[in-house]
$ cat work24.pdb   # PDB, C-alpha atoms
MODEL        1
ATOM      1  CA  MET A   1      -3.889  -0.182  58.886
ATOM      2  CA  ASN A   2      -7.255   0.884  57.484
ATOM      3  CA  THR A   3      -8.073   2.176  54.015
ATOM      4  CA  VAL A   4     -10.214   5.303  54.315
ATOM      5  CA  VAL A   5     -11.451   8.368  52.483
ATOM      6  CA  GLY A   6     -11.930  11.720  54.166
ATOM      7  CA  VAL A   7     -15.231  13.493  53.645
ATOM      8  CA  SER A   8     -16.580  16.885  54.624
ATOM      9  CA  PHE A   9     -20.206  17.944  54.931
ATOM     10  CA  LYS A  10     -19.617  21.685  54.535
ATOM     11  CA  THR A  11     -17.129  24.036  52.929
ATOM     12  CA  ALA A  12     -14.044  24.098  55.178
ATOM     13  CA  GLY A  13     -15.818  21.675  57.496
ATOM     14  CA  LYS A  14     -14.137  19.019  59.607
ATOM     15  CA  ILE A  15     -12.867  15.899  57.865
ATOM     16  CA  TYR A  16     -14.332  12.538  58.840
ATOM     17  CA  TYR A  17     -12.996   9.154  57.772
ATOM     18  CA  PHE A  18     -15.157   6.459  56.165
ATOM     19  CA  ASP A  19     -14.429   3.044  54.688
ATOM     20  CA  PRO A  20     -14.719   3.254  50.868
ATOM     21  CA  GLY A  21     -14.955  -0.536  50.500
ATOM     22  CA  ASN A  22     -14.600  -1.557  46.858
ATOM     23  CA  LEU A  23     -16.007   1.725  45.528
ATOM     24  CA  GLU A  24     -13.836   3.711  43.115
ATOM     25  CA  ILE A  25     -13.813   7.054  44.904
ATOM     26  CA  LYS A  26     -11.562  10.045  44.320
ATOM     27  CA  THR A  27     -11.194  13.564  45.677
ATOM     28  CA  GLY A  28     -14.038  15.812  44.538
ATOM     29  CA  ASP A  29     -16.621  13.029  44.334
ATOM     30  CA  ASN A  30     -19.879  13.334  46.238
ATOM     31  CA  VAL A  31     -20.928  10.370  48.344
ATOM     32  CA  ILE A  32     -23.744   9.199  50.587
ATOM     33  CA  VAL A  33     -22.647   8.117  54.078
ATOM     34  CA  GLU A  34     -24.321   7.049  57.290
ATOM     35  CA  THR A  35     -23.523   9.130  60.370
ATOM     36  CA  ALA A  36     -24.690   9.178  63.969
ATOM     37  CA  ARG A  37     -27.427  11.600  63.010
ATOM     38  CA  GLY A  38     -28.599   9.838  59.857
ATOM     39  CA  ILE A  39     -27.866   9.524  56.153
ATOM     40  CA  GLU A  40     -25.776  12.438  54.855
ATOM     41  CA  TYR A  41     -24.544  13.871  51.551
ATOM     42  CA  ALA A  42     -20.830  14.688  51.603
ATOM     43  CA  GLU A  43     -17.843  15.622  49.445
ATOM     44  CA  VAL A  44     -14.656  13.571  49.348
ATOM     45  CA  VAL A  45     -11.774  15.907  50.257
ATOM     46  CA  VAL A  46      -9.131  13.266  50.993
ATOM     47  CA  GLY A  47      -8.700  10.380  48.558
ATOM     48  CA  LYS A  48      -8.045   6.780  49.559
ATOM     49  CA  LYS A  49      -5.191   6.404  52.001
ATOM     50  CA  GLU A  50      -3.959   4.150  54.785
ATOM     51  CA  VAL A  51      -4.341   5.270  58.414
ATOM     52  CA  THR A  52      -3.641   3.644  61.762
ATOM     53  CA  GLU A  53      -6.286   2.630  64.282
ATOM     54  CA  ASP A  54      -5.387   5.686  66.387
ATOM     55  CA  GLU A  55      -6.420   8.044  63.575
ATOM     56  CA  ILE A  56      -9.995   6.798  63.237
ATOM     57  CA  VAL A  57     -13.055   7.007  65.460
ATOM     58  CA  ALA A  58     -14.385   3.474  65.906
ATOM     59  CA  PRO A  59     -16.483   1.991  64.549
ATOM     60  CA  LEU A  60     -15.378   3.029  61.063
ATOM     61  CA  LYS A  61     -18.535   3.343  58.978
ATOM     62  CA  ASP A  62     -18.871   2.549  55.286
ATOM     63  CA  VAL A  63     -19.499   4.843  52.351
ATOM     64  CA  ILE A  64     -22.948   3.716  51.209
ATOM     65  CA  ARG A  65     -22.549   4.767  47.562
ATOM     66  CA  LYS A  66     -21.308   7.434  45.239
ATOM     67  CA  ALA A  67     -23.928  10.166  44.916
ATOM     68  CA  THR A  68     -26.213   9.859  41.911
ATOM     69  CA  LEU A  69     -27.840  12.634  39.915
ATOM     70  CA  ARG A  70     -31.007  12.061  41.936
ATOM     71  CA  ASP A  71     -29.022  12.410  45.178
ATOM     72  CA  ARG A  72     -27.562  15.697  43.956
ATOM     73  CA  GLU A  73     -31.010  17.018  43.044
ATOM     74  CA  LYS A  74     -32.314  16.050  46.478
ATOM     75  CA  HIS A  75     -29.357  17.791  48.143
ATOM     76  CA  GLU A  76     -30.067  20.989  46.190
ATOM     77  CA  LYS A  77     -33.743  20.760  47.114
ATOM     78  CA  ASN A  78     -32.769  20.395  50.775
ATOM     79  CA  GLN A  79     -30.738  23.594  50.538
ATOM     80  CA  LYS A  80     -33.829  25.453  49.319
ATOM     81  CA  LEU A  81     -35.897  23.914  52.110
ATOM     82  CA  GLU A  82     -33.283  25.112  54.615
ATOM     83  CA  GLU A  83     -33.829  28.693  53.435
ATOM     84  CA  GLU A  84     -37.576  28.329  53.940
ATOM     85  CA  ALA A  85     -37.083  26.717  57.359
ATOM     86  CA  PHE A  86     -34.817  29.607  58.355
ATOM     87  CA  ASP A  87     -37.576  32.161  57.708
ATOM     88  CA  ILE A  88     -40.161  30.044  59.528
ATOM     89  CA  CYS A  89     -37.893  29.677  62.557
ATOM     90  CA  LEU A  90     -37.249  33.427  62.640
ATOM     91  CA  ASP A  91     -40.988  34.044  62.848
ATOM     92  CA  LYS A  92     -41.342  31.480  65.647
ATOM     93  CA  ILE A  93     -38.459  33.022  67.611
ATOM     94  CA  GLU A  94     -40.090  36.430  67.353
ATOM     95  CA  LYS A  95     -43.445  34.953  68.353
ATOM     96  CA  HIS A  96     -41.950  33.421  71.526
ATOM     97  CA  ARG A  97     -39.826  36.544  72.186
ATOM     98  CA  LEU A  98     -36.697  34.483  72.708
ATOM     99  CA  PRO A  99     -33.306  36.225  73.205
ATOM    100  CA  MET A 100     -31.483  34.267  70.534
ATOM    101  CA  LYS A 101     -29.985  34.877  67.095
ATOM    102  CA  LEU A 102     -30.631  32.263  64.416
ATOM    103  CA  ILE A 103     -27.484  31.578  62.384
ATOM    104  CA  ASP A 104     -28.104  28.591  60.128
ATOM    105  CA  VAL A 105     -30.416  25.669  59.394
ATOM    106  CA  GLU A 106     -29.350  22.216  58.273
ATOM    107  CA  PHE A 107     -31.478  19.292  57.053
ATOM    108  CA  THR A 108     -30.050  15.799  57.240
ATOM    109  CA  PHE A 109     -30.130  14.219  53.796
ATOM    110  CA  ASP A 110     -32.912  11.797  54.733
ATOM    111  CA  HIS A 111     -34.950  14.499  56.553
ATOM    112  CA  ASN A 112     -34.578  12.501  59.754
ATOM    113  CA  LYS A 113     -33.643  15.673  61.612
ATOM    114  CA  ILE A 114     -33.467  19.454  61.197
ATOM    115  CA  ILE A 115     -30.774  21.315  63.112
ATOM    116  CA  PHE A 116     -31.148  25.003  63.916
ATOM    117  CA  TYR A 117     -27.928  26.764  64.927
ATOM    118  CA  PHE A 118     -28.165  29.872  67.096
ATOM    119  CA  THR A 119     -26.186  32.172  69.362
ATOM    120  CA  ALA A 120     -27.322  33.685  72.648
ATOM    121  CA  ASP A 121     -25.752  35.465  75.594
ATOM    122  CA  GLY A 122     -26.868  32.768  78.025
ATOM    123  CA  ARG A 123     -29.104  29.748  78.303
ATOM    124  CA  VAL A 124     -32.412  29.898  76.436
ATOM    125  CA  ASP A 125     -35.563  27.970  77.285
ATOM    126  CA  PHE A 126     -36.613  26.952  73.790
ATOM    127  CA  ARG A 127     -38.857  23.997  74.652
ATOM    128  CA  GLU A 128     -41.998  25.665  73.309
ATOM    129  CA  LEU A 129     -40.117  26.711  70.174
ATOM    130  CA  VAL A 130     -39.098  23.104  69.536
ATOM    131  CA  LYS A 131     -42.715  21.959  69.884
ATOM    132  CA  ASP A 132     -43.818  24.649  67.464
ATOM    133  CA  LEU A 133     -41.187  23.715  64.889
ATOM    134  CA  ALA A 134     -41.916  19.986  65.228
ATOM    135  CA  SER A 135     -45.596  20.615  64.524
ATOM    136  CA  VAL A 136     -44.641  22.431  61.309
ATOM    137  CA  PHE A 137     -41.920  20.111  59.947
ATOM    138  CA  LYS A 138     -43.164  16.778  61.342
ATOM    139  CA  THR A 139     -39.641  15.525  62.080
ATOM    140  CA  ARG A 140     -37.017  15.616  64.833
ATOM    141  CA  ILE A 141     -35.865  19.106  65.761
ATOM    142  CA  GLU A 142     -32.534  20.006  67.317
ATOM    143  CA  LEU A 143     -31.549  23.496  68.452
ATOM    144  CA  ARG A 144     -27.807  23.835  68.882
ATOM    145  CA  GLN A 145     -26.191  26.829  70.558
ATOM    146  CA  ILE A 146     -22.830  27.764  69.012
ATOM    147  CA  GLY A 147     -20.043  30.207  69.851
ATOM    148  CA  VAL A 148     -18.992  33.379  68.055
ATOM    149  CA  ARG A 149     -16.175  31.672  66.148
ATOM    150  CA  ASP A 150     -18.588  29.075  64.748
ATOM    151  CA  GLU A 151     -20.978  31.885  63.858
ATOM    152  CA  ALA A 152     -18.296  33.628  61.799
ATOM    153  CA  LYS A 153     -17.399  30.339  60.111
ATOM    154  CA  MET A 154     -21.017  29.747  59.081
ATOM    155  CA  LEU A 155     -21.794  33.288  57.958
ATOM    156  CA  GLY A 156     -18.454  34.122  56.343
ATOM    157  CA  GLY A 157     -17.380  37.628  55.388
ATOM    158  CA  LEU A 158     -14.260  39.657  54.627
ATOM    159  CA  GLY A 159     -11.429  39.891  57.116
ATOM    160  CA  PRO A 160      -9.261  42.958  57.863
ATOM    161  CA  CYS A 161      -6.927  41.767  55.082
ATOM    162  CA  GLY A 162      -9.725  42.196  52.534
ATOM    163  CA  LEU A 163      -9.953  38.466  51.786
ATOM    164  CA  PRO A 164     -12.715  36.005  52.751
ATOM    165  CA  ILE A 165     -12.121  34.880  56.320
ATOM    166  CA  CYS A 166      -9.946  31.785  56.720
ATOM    167  CA  CYS A 167     -12.386  29.756  58.815
ATOM    168  CA  ALA A 168     -15.082  29.974  56.144
ATOM    169  CA  THR A 169     -12.810  29.084  53.221
ATOM    170  CA  PHE A 170     -10.116  26.579  54.218
ATOM    171  CA  LEU A 171      -9.483  26.462  57.978
ATOM    172  CA  ARG A 172     -11.223  23.266  59.086
ATOM    173  CA  ASP A 173     -10.396  23.341  62.809
ATOM    174  CA  PHE A 174     -10.020  26.203  65.256
ATOM    175  CA  GLN A 175      -6.696  26.370  67.063
ATOM    176  CA  PRO A 176      -6.000  28.139  70.382
ATOM    177  CA  ILE A 177      -4.830  31.723  69.795
ATOM    178  CA  SER A 178      -3.129  33.757  72.519
ATOM    179  CA  ILE A 179      -2.114  37.391  72.933
ATOM    180  CA  LYS A 180       1.475  36.146  73.249
ATOM    181  CA  MET A 181       1.415  35.362  69.530
ATOM    182  CA  ALA A 182       0.733  39.033  68.749
ATOM    183  CA  LYS A 183       3.446  40.158  71.166
ATOM    184  CA  LYS A 184       6.001  37.790  69.640
ATOM    185  CA  GLN A 185       5.310  39.340  66.226
ATOM    186  CA  ASP A 186       5.648  42.901  67.593
ATOM    187  CA  LEU A 187       2.103  43.696  66.487
ATOM    188  CA  SER A 188      -0.065  46.447  67.885
ATOM    189  CA  LEU A 189      -2.044  45.127  70.838
ATOM    190  CA  ASN A 190      -5.030  47.267  69.881
ATOM    191  CA  PRO A 191      -7.957  44.781  69.997
ATOM    192  CA  ALA A 192      -9.528  46.365  66.917
ATOM    193  CA  LYS A 193      -6.432  45.534  64.855
ATOM    194  CA  ILE A 194      -5.836  41.954  65.948
ATOM    195  CA  SER A 195      -9.432  40.726  66.266
ATOM    196  CA  GLY A 196     -11.434  38.996  63.553
ATOM    197  CA  LEU A 197     -15.106  39.315  62.635
ATOM    198  CA  CYS A 198     -15.955  37.053  65.556
ATOM    199  CA  GLY A 199     -14.427  39.514  68.024
ATOM    200  CA  ARG A 200     -11.765  36.993  69.052
ATOM    201  CA  LEU A 201      -8.066  37.074  68.215
ATOM    202  CA  MET A 202      -7.510  36.446  64.505
ATOM    203  CA  CYS A 203      -6.684  32.846  63.579
ATOM    204  CA  CYS A 204      -3.922  34.050  61.240
ATOM    205  CA  LEU A 205      -1.866  35.179  64.248
ATOM    206  CA  GLN A 206      -0.880  31.535  64.549
ATOM    207  CA  TYR A 207       0.392  31.095  60.998
ATOM    208  CA  GLU A 208       3.734  32.811  61.549
ATOM    209  CA  ALA A 209       4.015  32.454  65.327
ATOM    210  CA  THR A 210       6.511  29.573  65.087
ATOM    211  CA  THR A 211       8.653  31.446  62.559
ATOM    212  CA  TYR A 212       8.754  34.595  64.679
ATOM    213  CA  ARG A 213       9.617  32.537  67.754
ATOM    214  CA  ARG A 214      12.566  31.029  65.897
ATOM    215  CA  LEU A 215      13.716  34.385  64.478
ATOM    216  CA  LYS A 216      13.680  36.005  67.899
ATOM    217  CA  LYS A 217      15.953  33.280  69.236
ATOM    218  CA  GLU A 218      18.382  33.917  66.371
ATOM    219  CA  MET A 219      18.462  37.696  66.855
ATOM    220  CA  PRO A 220      19.896  39.823  69.672
ATOM    221  CA  ASN A 221      17.430  41.524  72.011
ATOM    222  CA  VAL A 222      16.844  45.262  72.071
ATOM    223  CA  GLY A 223      19.365  46.761  74.507
ATOM    224  CA  GLU A 224      21.895  43.990  73.934
ATOM    225  CA  LYS A 225      25.470  44.969  73.074
ATOM    226  CA  VAL A 226      26.884  43.673  69.810
ATOM    227  CA  GLU A 227      30.258  43.700  68.123
ATOM    228  CA  LEU A 228      30.654  45.191  64.646
ATOM    229  CA  GLU A 229      33.669  45.659  62.395
ATOM    230  CA  MET A 230      33.759  49.352  63.315
ATOM    231  CA  GLY A 231      33.418  48.675  67.030
ATOM    232  CA  HIS A 232      30.726  47.755  69.520
ATOM    233  CA  GLY A 233      27.216  49.137  69.718
ATOM    234  CA  LYS A 234      23.790  48.596  71.250
ATOM    235  CA  VAL A 235      20.707  47.194  69.532
ATOM    236  CA  VAL A 236      17.918  49.775  69.606
ATOM    237  CA  GLU A 237      15.486  48.139  67.191
ATOM    238  CA  ARG A 238      15.129  44.932  65.240
ATOM    239  CA  ASN A 239      13.246  43.983  62.102
ATOM    240  CA  LEU A 240      12.284  40.323  62.235
ATOM    241  CA  VAL A 241      11.026  40.219  58.665
ATOM    242  CA  LYS A 242      14.179  41.727  57.155
ATOM    243  CA  HIS A 243      16.361  39.876  59.676
ATOM    244  CA  THR A 244      18.186  43.099  60.529
ATOM    245  CA  VAL A 245      18.851  45.151  63.645
ATOM    246  CA  GLU A 246      19.356  48.866  64.112
ATOM    247  CA  VAL A 247      22.479  49.542  66.135
ATOM    248  CA  ASP A 248      23.527  52.667  68.038
ATOM    249  CA  ILE A 249      27.306  53.015  67.687
ATOM    250  CA  GLY A 250      27.515  56.407  69.349
ATOM    251  CA  THR A 251      27.239  58.528  66.189
ATOM    252  CA  ASP A 252      24.420  60.823  65.117
ATOM    253  CA  ASP A 253      22.787  58.122  62.999
ATOM    254  CA  ASN A 254      22.103  54.498  63.853
ATOM    255  CA  ILE A 255      23.110  51.852  61.352
ATOM    256  CA  GLU A 256      21.106  48.921  60.061
ATOM    257  CA  VAL A 257      22.971  45.619  60.124
ATOM    258  CA  ASP A 258      22.060  42.184  58.825
ATOM    259  CA  VAL A 259      22.057  39.746  61.753
ATOM    260  CA  ASP A 260      24.323  37.380  59.809
ATOM    261  CA  ASP A 261      26.965  40.146  59.676
ATOM    262  CA  LEU A 262      27.194  40.492  63.453
ATOM    263  CA  ASP A 263      30.361  39.154  65.044
ATOM    264  CA  ASP A 264      29.774  36.136  67.300
TER     265      ASP A 264
ENDMDL
END
$ encode --input "work24.pdb" --output "structure tokens"
Amino acid sequence: MNTVVGVSFKTAGKIYYFDPGNLEIKTGDNVIVETARGIEYAEVVVGKKEVTEDEIVAPLKDVIRKATLRDREKHEKNQKLEEEAFDICLDKIEKHRLPMKLIDVEFTFDHNKIIFYFTADGRVDFRELVKDLASVFKTRIELRQIGVRDEAKMLGGLGPCGLPICCATFLRDFQPISIKMAKKQDLSLNPAKISGLCGRLMCCLQYEATTYRRLKKEMPNVGEKVELEMGHGKVVERNLVKHTVEVDIGTDDNIEVDVDDLDD
């Protein structure tokens, strides 16, 4: 077993494990860690805990130190520099007439590298852009093409529910979403109603998919014959949320019955 802390580099970002050593670290603390791309400033989102070898990516790196006031000031300065770098990169993209959309800019804490995130319909030859940016910033430049879901996560916004989108607030990893999840929940299959800001199926379709799958197994199908105290009838509609079915018993009006009241 290994003692680790989980850190994140962005709001709702992925969690990475590091060895806290003898440092007294708790959730909410800011720390300085060494990553594959350099020294980084991060937030502890998972306090000290024991994990197995299978849960970590070897080699497990150490937390260098708890962030100091000077570290925090440098991090805030980097955020301002990222805004300036964003505007500079936009001008360079326009100058080179490249078919790409700049989404975000990220400085590593030690300024060892600047990463520019962008979207594009296809491959983009940005070699001249990289040279231009390197001549301005005098450090390593990386341009990283991302997908539409990552774009939404970085930019944020309000979802159809009126709340900030899940991926930008608390959803750390994207999960596969299928149209079957919408069908299982008897939702409208109108793409405009079940798609998020990214244009893909909404992540929240997965939240209740397991529950709906279980409820459907517990309830009779539409068209199935059921036995009631007043006789038999046929299910014409079912309400998964209320756990009821509407039954046609041959009268003018259908009756609503709780599934638990159906005779086995």
$ resolve_selection --input "work24.pdb" --expression "the PyMOL selection byres ((chain A and resi 183-198) around 9)" --output "JSON list (two decimals) with C-alpha atoms, keeping the file's coordinate frame"
[["chain", "number", "residue", "atom", "x", "y", "z"],
["A", 148, "VAL", "CA", -18.99, 33.38, 68.06],
["A", 149, "ARG", "CA", -16.18, 31.67, 66.15],
["A", 150, "ASP", "CA", -18.59, 29.08, 64.75],
["A", 151, "GLU", "CA", -20.98, 31.88, 63.86],
["A", 152, "ALA", "CA", -18.30, 33.63, 61.80],
["A", 153, "LYS", "CA", -17.40, 30.34, 60.11],
["A", 156, "GLY", "CA", -18.45, 34.12, 56.34],
["A", 157, "GLY", "CA", -17.38, 37.63, 55.39],
["A", 158, "LEU", "CA", -14.26, 39.66, 54.63],
["A", 159, "GLY", "CA", -11.43, 39.89, 57.12],
["A", 160, "PRO", "CA", -9.26, 42.96, 57.86],
["A", 165, "ILE", "CA", -12.12, 34.88, 56.32],
["A", 179, "ILE", "CA", -2.11, 37.39, 72.93],
["A", 180, "LYS", "CA", 1.48, 36.15, 73.25],
["A", 181, "MET", "CA", 1.42, 35.36, 69.53],
["A", 182, "ALA", "CA", 0.73, 39.03, 68.75],
["A", 199, "GLY", "CA", -14.43, 39.51, 68.02],
["A", 200, "ARG", "CA", -11.76, 36.99, 69.05],
["A", 201, "LEU", "CA", -8.07, 37.07, 68.22],
["A", 202, "MET", "CA", -7.51, 36.45, 64.50],
["A", 203, "CYS", "CA", -6.68, 32.85, 63.58],
["A", 205, "LEU", "CA", -1.87, 35.18, 64.25],
["A", 208, "GLU", "CA", 3.73, 32.81, 61.55],
["A", 209, "ALA", "CA", 4.01, 32.45, 65.33],
["A", 212, "TYR", "CA", 8.75, 34.60, 64.68],
["A", 213, "ARG", "CA", 9.62, 32.54, 67.75],
["A", 216, "LYS", "CA", 13.68, 36.01, 67.90],
["A", 240, "LEU", "CA", 12.28, 40.32, 62.24]]
$ closest_residue --input "work24.pdb" --among "A:Glu76, A:Glu256, A:Asp173, A:Asp71" --to "A:Lys242" --atoms "all atoms listed in the file"
A:Glu256
$ resolve_selection --input "work24.pdb" --expression "the PyMOL selection byres ((chain A and resi 136) around 12)" --output "ChimeraX atom specification"
/A:84-85,88-89,92,114,129-135,137-141
$ atom_distance --input "work24.pdb" --atom1 "atom CA of A:Thr11" --atom2 "atom CA of A:Ala168"
7.1 Å
$ atom_distance --input "work24.pdb" --atom1 "atom CA of A:Val226" --atom2 "atom CA of A:Leu262"
7.1 Å
$ atom_distance --input "work24.pdb" --atom1 "atom CA of A:Lys225" --atom2 "atom CA of A:Val247"
8.8 Å
$ residues_around --input "work24.pdb" --residues "A:Asp19" --least-positions-apart "3" --cutoff "7 Å" --atoms "all atoms listed in the file" --output "NGL selection string"
:A and (3-5 or 60-63)
$ closest_residue --input "work24.pdb" --among "A:Asp104, A:Glu53, A:Glu34, A:Glu73" --to "A:Phe86" --atoms "all atoms listed in the file"
A:Asp104
$ closest_residue --input "work24.pdb" --among "A:Glu106, A:Asp125, A:Glu224, A:Asp29" --to "A:Glu43" --atoms "only C-alpha atoms"
A:Asp29
$ residues_around --input "work24.pdb" --residues "A:Thr35" --least-positions-apart "5" --cutoff "12 Å" --atoms "all atoms listed in the file" --output "list of chain:residue names"
A:Val7, A:Ser8, A:Phe9, A:Tyr16, A:Tyr17, A:Phe18, A:Glu40, A:Tyr41, A:Ala42, A:Val57, A:Pro59, A:Leu60, A:Lys61, A:Asp62, A:Val63, A:Ile64, A:Thr108, A:Phe109, A:Asp110, A:Asn112
$ residues_near_point --input "work24.pdb" --point "(29.3, 50.2, 70.5)" --cutoff "10 Å" --atoms "only C-alpha atoms" --output "MDAnalysis selection string"
chainID A and resid 225:228 230:235 247:251
$ closest_residue --input "work24.pdb" --among "A:Leu90, A:Ile115, A:Ile25, A:Val33" --to "A:Lys49" --atoms "all atoms listed in the file"
A:Ile25
$ closest_residue --input "work24.pdb" --among "A:Glu24, A:Gly13, A:Met100, A:Gly47" --to "A:Cys166" --atoms "only C-alpha atoms"
A:Gly13
